[in-house]
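Undergrad: Structure provided below as structure tokens; questions to follow.
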Amino acid sequence: MTRKTPRRTLYRRRSEKAGLPPDSLVYVGDRGGGQVAMTLIDYQEDTYTERALESPGQCSPYRQSPSTTWINVEGLSQPRQLEALGTAMGVHSLVLEDILNTEQRPKFEDFDDYLFVVAKFLEFDHKAGTVVPEHLALVLGRNYLVSFQEVPGDPFEPVRSRIRAGAGRVRKMGADFLLYSLLDMAVDQYLVVLDQVGERIEALDHQILTSQRPRIMAEMYALMRDLLFLSKVVGPLREVVNGLRHTSSALISDACAPFFRDLHDHVAHVSDRIETYRDLLSGMLDLHLTTVSNRTNTVMKIIAVFSSVFLPLTFITGLFGMNFESMPLLHSREGFAIVVGCMVAVVALMLAVFRLWRWI
Amino acid sequence: MTRKTPRRTLYRRRSEKAGLPPDSLVYVGDRGGGQVAMTLIDYQEDTYTERALESPGQCSPYRQSPSTTWINVEGLSQPRQLEALGTAMGVHSLVLEDILNTEQRPKFEDFDDYLFVVAKFLEFDHKAGTVVPEHLALVLGRNYLVSFQEVPGDPFEPVRSRIRAGAGRVRKMGADFLLYSLLDMAVDQYLVVLDQVGERIEALDHQILTSQRPRIMAEMYALMRDLLFLSKVVGPLREVVNGLRHTSSALISDACAPFFRDLHDHVAHVSDRIETYRDLLSGMLDLHLTTVSNRTNTVMKIIAVFSSVFLPLTFITGLFGMNFESMPLLHSREGFAIVVGCMVAVVALMLAVFRLWRWI
Amino acid sequence: MTRKTPRRTLYRRRSEKAGLPPDSLVYVGDRGGGQVAMTLIDYQEDTYTERALESPGQCSPYRQSPSTTWINVEGLSQPRQLEALGTAMGVHSLVLEDILNTEQRPKFEDFDDYLFVVAKFLEFDHKAGTVVPEHLALVLGRNYLVSFQEVPGDPFEPVRSRIRAGAGRVRKMGADFLLYSLLDMAVDQYLVVLDQVGERIEALDHQILTSQRPRIMAEMYALMRDLLFLSKVVGPLREVVNGLRHTSSALISDACAPFFRDLHDHVAHVSDRIETYRDLLSGMLDLHLTTVSNRTNTVMKIIAVFSSVFLPLTFITGLFGMNFESMPLLHSREGFAIVVGCMVAVVALMLAVFRLWRWI
Amino acid sequence: MTRKTPRRTLYRRRSEKAGLPPDSLVYVGDRGGGQVAMTLIDYQEDTYTERALESPGQCSPYRQSPSTTWINVEGLSQPRQLEALGTAMGVHSLVLEDILNTEQRPKFEDFDDYLFVVAKFLEFDHKAGTVVPEHLALVLGRNYLVSFQEVPGDPFEPVRSRIRAGAGRVRKMGADFLLYSLLDMAVDQYLVVLDQVGERIEALDHQILTSQRPRIMAEMYALMRDLLFLSKVVGPLREVVNGLRHTSSALISDACAPFFRDLHDHVAHVSDRIETYRDLLSGMLDLHLTTVSNRTNTVMKIIAVFSSVFLPLTFITGLFGMNFESMPLLHSREGFAIVVGCMVAVVALMLAVFRLWRWI
Amino acid sequence: MTRKTPRRTLYRRRSEKAGLPPDSLVYVGDRGGGQVAMTLIDYQEDTYTERALESPGQCSPYRQSPSTTWINVEGLSQPRQLEALGTAMGVHSLVLEDILNTEQRPKFEDFDDYLFVVAKFLEFDHKAGTVVPEHLALVLGRNYLVSFQEVPGDPFEPVRSRIRAGAGRVRKMGADFLLYSLLDMAVDQYLVVLDQVGERIEALDHQILTSQRPRIMAEMYALMRDLLFLSKVVGPLREVVNGLRHTSSALISDACAPFFRDLHDHVAHVSDRIETYRDLLSGMLDLHLTTVSNRTNTVMKIIAVFSSVFLPLTFITGLFGMNFESMPLLHSREGFAIVVGCMVAVVALMLAVFRLWRWI
């Protein structure tokens, strides 16, 4: 059961979509069920409004206003509603398709009027012992940002409360800074996940030289798999942030440039850590395998040495157990003592030779 | 037999062609036998015609018409007929050679008047348990598209019915969108194949820790081979789509650019998945080998420990089986009991030591 | 003997040349002995002349003529004669050095007045079971081409007969097309060699799961070596053809561009195949090693299990072979039967346990 | 304990920072405790002042002066004080964040008014047997340089005394040369660390063929880990120095260019050495594993051969130990001698065969 | 002793230099002891002068003369003298540092007035069985070249005698051609070294399938190490020659361009060979390991099979060696014959089964 989960999350079935028109809206995923909730936050340096949206149409008035508007959509299971929102916001149908396709890898696209960004949230599912991704799509327009989350929940709460409280510089800057804040949030989450991966690696590392649990191998491979998955998410994300950093789009102001540069730096750090963990883990695997194999070899060697000592002894007992009528020593009084003495001598000699050859 | 099939499909013999003039038309392949069937579809936003072509010449009138013309050729075994079609369409003889050469890897070439694209269809042959490619060549001109399929059959039916029904945007756009639709179709097919590969990997993954079937190794290597083959197809395809996306040719309209960008994205996703599967599979192989080797080692270790317990016992029996006239204990009443007691003590001692050393 | 050949062909001794002036003409090689034969073919769309050259000077008149002149030189063992030809043709002394140095890897150089290309012919030597290269140098000038072959023989015969017969487009085009035709010839030869390598891989593949021949490993490594050698030849060749394709030299006409593009494609295909074969072969090697190792392990395990069954039996026989005066059962009538019964029980118990643990 | 240290230094926990505003100032690290000490050195070719700063404000007058000012900050545990200094110097809040984040990998950023460089000091901690990094941040402005060290101590003393003494060219050149001198200092330190790593590799190399210490494997893996860590530090540092070398910033004068080029060269040398050591170490690991495995195999083979000699002997003794009434030889006078003779013959034969097969 | 040498030559201690000013002149190395000898050769197409220099100042008059001047410096142990020469020639202090630093990897730098090149000579030290590098620095100015050799000796003698004799084109061309000639000399030396490495690989290759010498592994790893070292030298050298080939410096005349192109080609060939040898050697290592392991496995298997045959026999002898009063067969006349017959049957049966299972 545990083993199955990570693979599932790696790729979901896409076959169902084959043959449909290229931009047909189908929700690919299994987690974002039930309702779709839309909330709207509109703010300027000195004003702040927050409301739940009932229909996509309600956001139209905010689209042209000079204040910054943030529409957050939770749940992706209602393609119709999202299509209406897309039309209201004027986004391309292919963008809507990508918003719904939770298998879409991170990407950045510039549609002149708006920028489209796909990223991933990550959580460490302690019960399954594996990393779980959540799809995240962002559309940045002039003065507005629309964010799409696959699973209801509130990973963006810290940003929202900073806006509410007017803390930091978020209220002083535009929608581009908001985009940066949300992505930075997601990348921070990666570091939390990596800290947990790091702790598990550390825990395993204490065991590889001593433990004989057979599960330890499977656990290392499971972590390897998680890191493989992480690297597949972070690789494209790096390109995304690089794209945002170097874009010539007017939607990203110059004042934001250092922040995206900084974000790029964070993603590079994440990428470095993943690579390092993979190298560490693969070194640990090798060391563990070697240790296990050495331990087995040592056992076999000791037993073989031990056995080899008994072979000549047993031969001698057999020799004097033969039923020949005329044999030397058998009828002598000291016969038994002499033979036992020989046996002791043989054992002593063998042990001396083994010690000389450094076998024992 | 099963093992042989995938290799065959990897590369067919090319030696026969050696020494022929560079652009001589020879069909390289063994599947596209029999008849060559040509169908023509001509459509605009509001008109639609479909007919079977009997001779290549019949398509000439459509070449200059403002409506979009799609000529689909099934079967490649009649070089003469294809040459006639090529002449009617004005394509270079090298293009015709590549259309017939089913070993040709995916490529994109811009001949100013027309674009030439080679791609591959993929199917998962369940009986042989392997991936089977089908050659696909596309020529995009002003207002027309010619597609060449190696094997008769109808993988393009969904696109055709969308055109017939006027569904989606295909009727509203030109031949470039048709090209995109066919390629998108092919790439969708890759995802279907990958889903099946993924399922087989999942099925194997459940067995690698427990199963002792010797076939399991061969199956993993066969999957590895399929993935190797897939990566050899998808790698050049990625370049093809990248070429189409960044081409400056006037034959690809601006309205189509986002679609080719999207297609590029899909191919990148396919490529990612293949790479991930290869990494997964190679990790599984290692884990399986380690598991098998550990299991064998454990068996050998237990047997060795078991054997080593009997060696001193057998020696003791031999000792008292010797035929010396004067030996201690032999004539005493409790002799046997004492010796058996010693044996029990030896066994207990050895087991204690083994337990102490954590061998058992 | 067989093993030695491939290594020899990989690199010949170069030490002898160390210390000589940079452009001193020394023939490096051991195959192109004896005579040097020069033939001249001069053709236009409607004329054709073929003659043997006795001295290099005889080719001068053809150098300026508007017709296309092809001078083919077989054998490289007469540096003086080649130098004379070089002077007559006006090529740089470094070019002559490279023509004679059969160790020279494929390269393309543009000397404004002429282009210089080094390539390799390949043959599969069935007796030695290995791939044998032949040095090939080509100098393309305005209206003329000079080709240098290391070993006399006629790999270019098909091209020559096409020129003679006026078949194909070779007579209609210039010396650049002739250059293309000869290179295409060579690359076609690679595919023939690869077909043979592929056949040997296929033949080996049938054996790796069943055969126990110890030679099989050495054969796989020999093939690995051949493929390594091939990749070292094809890698630079790919750059050569790429250089020819993208050159801005006026010596390559626009009409020839699609042909060089096509040639590049063929070389890429060859390169792909080599890489694929290497991957296949290395997978086969791993599978074979694993199979052999598993087979050995199985044998050892079965024997160990078999042995362990006899240990307690032998102990019991020893027990009742001891010479104690008072032992249980010995004097009873059913003693023997009881003990044999015990033995049977022990064997049954052990087999049951082994079966339970799935050892047998 | 020893094993734990290197991992700790690889990455510190970052999770605590998740959710905070992007540029919030939090000291990430555990070594730079206690006080923050600031010293200021102001010099020109002929003047020199050195003083301790009590408050960040005191440095303002030096900011505009034509003399070169070097402010060195030791200890990072007082974010407030650093913020004040940052404000006085006019640096971006993200720069301050990076100065405090000791996990920040080496980087170079150009903020027009000033350049920001993050690098790492390295020390070899002999007690823990591992490499310990120290965070180092540098801000280069017009005529001033601010350096931030995580741990109080004086790695820069040699540079300071050169300035004091007016030795070398440091007093004659500007703040850019000072930046170069400090980085060169740090890179020199890397070579010291690498010399120590090199010595340990050399020490291990003498043991891999002879030693049987089980710790030797763990030590090699620990060195491997150190080298992995070093490569993760040096890789980005190479980019940093490359950036400084090719920057178009006016803050780096032309006179300094050869020095940064030289520094780049040093870093490339360091990088080469790390790579070489990794290759060496991995070769040593393989050789050690092979040696250990061969030694075990040899022991097992010798014991197996030894054992196999006794098997027929013991069988023969058993044969003549059977209690049949009528058996050949038993009652003959020479019986025992004949049988012993047979045994000797068997042993001789077996040894001859083993020698023939080159087993012994 | 032998093993220690290669490592030493890989990297010498640099720690001593840490903390010194960046361009302080310290000789890093241990071979170039004793005297520093300077010789000057001045030549034009028709004149030739050769003299030993006693003081660096003597070369000043030649600096401006139109004739080509070559100053060769042997031995690097007198920093003062080299500094004087450097001042007389007007080279940067960093260049002098690099000339003295024998650990400096190959590099090419353009200082407008002069070009600075670092390369390496290589020799194969037959006694130590390892490759020994020698530092080589070259400064090319207008009409003059200064070469610095670490170890006195005369690797350049062939060039010198060609100048003396006026052979080849060296007297007709300038200092740039002289630079080329010296580098070409060094690269030719690499081929000599590679020929020797190749011979040792060939020698080893004959042994890997048959030899059981344990040293063979260590020898292969030592060769691996040499090749690793070579690749670390040749990699940067390739960049150096590429830099010289593509430099826009006026110091390299157009007439020399083909020669540097040719040199680049030679270095590429060297690089190819090194890579090929590494691949070959690693394949040989694998094959050897497999062969050794297979041989051991075969021995163990045969012994195990042999042993298993004796187990039932010994059991039977034990059975009839028991001292029961009433046992079947014991008192019958044919008893012994029957039992021996049974034994023969058991052996025959087991051998048949083993043959059937293809174990023997």
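Each chain in the structure tokens gets a letter, A, B, ..., in the order shown, and its residues are numbered from 1; ligands are numbered from 1 in order too.
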What lies within 10 Å of B:Gln196 using only C-alpha atoms, ignoring chain neighbours under 4 positions off, as a ChimeraX atom specification?
TA: /A:13,15 /B:124,126,131,190-192,200-202
Undergrad: For chain C against chain A, which residues fall within 12 Å using only C-alpha atoms, given as a list in words?
TA: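 Within 12 Å of chain A on chain C, we get Phe315, Gly318, Gly321, Met322 and Asn323 of chain C.
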Undergrad: Quick one: write out the picked residues with all heavy atoms as a compact mmCIF listing (two decimals), in the first residue's frame?
TA:
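This went into part-v6.txt:
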# COMPACT_ATOMS: atom_id res chain seq x y z
N PHE C 315 24.92 -37.85 11.75
CA PHE C 315 25.12 -37.73 13.19
C PHE C 315 24.45 -38.89 13.93
O PHE C 315 25.04 -39.51 14.83
CB PHE C 315 24.56 -36.40 13.69
CG PHE C 315 24.40 -36.34 15.17
CD1 PHE C 315 25.51 -36.35 16.01
CD2 PHE C 315 23.13 -36.30 15.75
CE1 PHE C 315 25.37 -36.30 17.40
CE2 PHE C 315 22.98 -36.26 17.13
CZ PHE C 315 24.11 -36.26 17.96
N GLY C 318 26.37 -41.99 13.54
CA GLY C 318 27.55 -41.92 14.40
C GLY C 318 27.19 -42.22 15.85
O GLY C 318 27.91 -42.92 16.56
N GLY C 321 26.89 -45.67 16.43
CA GLY C 321 28.12 -46.39 16.10
C GLY C 321 29.13 -46.30 17.23
O GLY C 321 30.21 -46.86 17.14
N MET C 322 28.80 -45.55 18.27
CA MET C 322 29.72 -45.43 19.40
C MET C 322 29.79 -46.76 20.15
O MET C 322 28.84 -47.54 20.19
CB MET C 322 29.26 -44.31 20.33
CG MET C 322 29.43 -42.93 19.68
SD MET C 322 29.32 -41.58 20.87
CE MET C 322 27.62 -41.73 21.37
N ASN C 323 30.95 -46.96 20.79
CA ASN C 323 31.20 -48.26 21.37
C ASN C 323 30.88 -48.36 22.87
O ASN C 323 31.51 -49.13 23.59
CB ASN C 323 32.66 -48.66 21.14
CG ASN C 323 32.95 -48.78 19.66
OD1 ASN C 323 32.08 -49.22 18.90
ND2 ASN C 323 34.15 -48.41 19.24
Undergrad: Can you list, as a ChimeraX atom specification, every protein, DNA or RNA residue that comes within 8 Å of stretch 169-185 of chain A when you count only C-alpha atoms, leaving out same-chain residues fewer than 5 positions away?
TA: /A:43-46,68-70,119,138,140-145,156,159,162-163,251-253,256,259-260,263 /D:18-19,21-22
Undergrad: What is the atom CA of A:Gly168-atom CA of A:Ile41 distance in Å, reported with one decimal?
TA: 17.0 Å
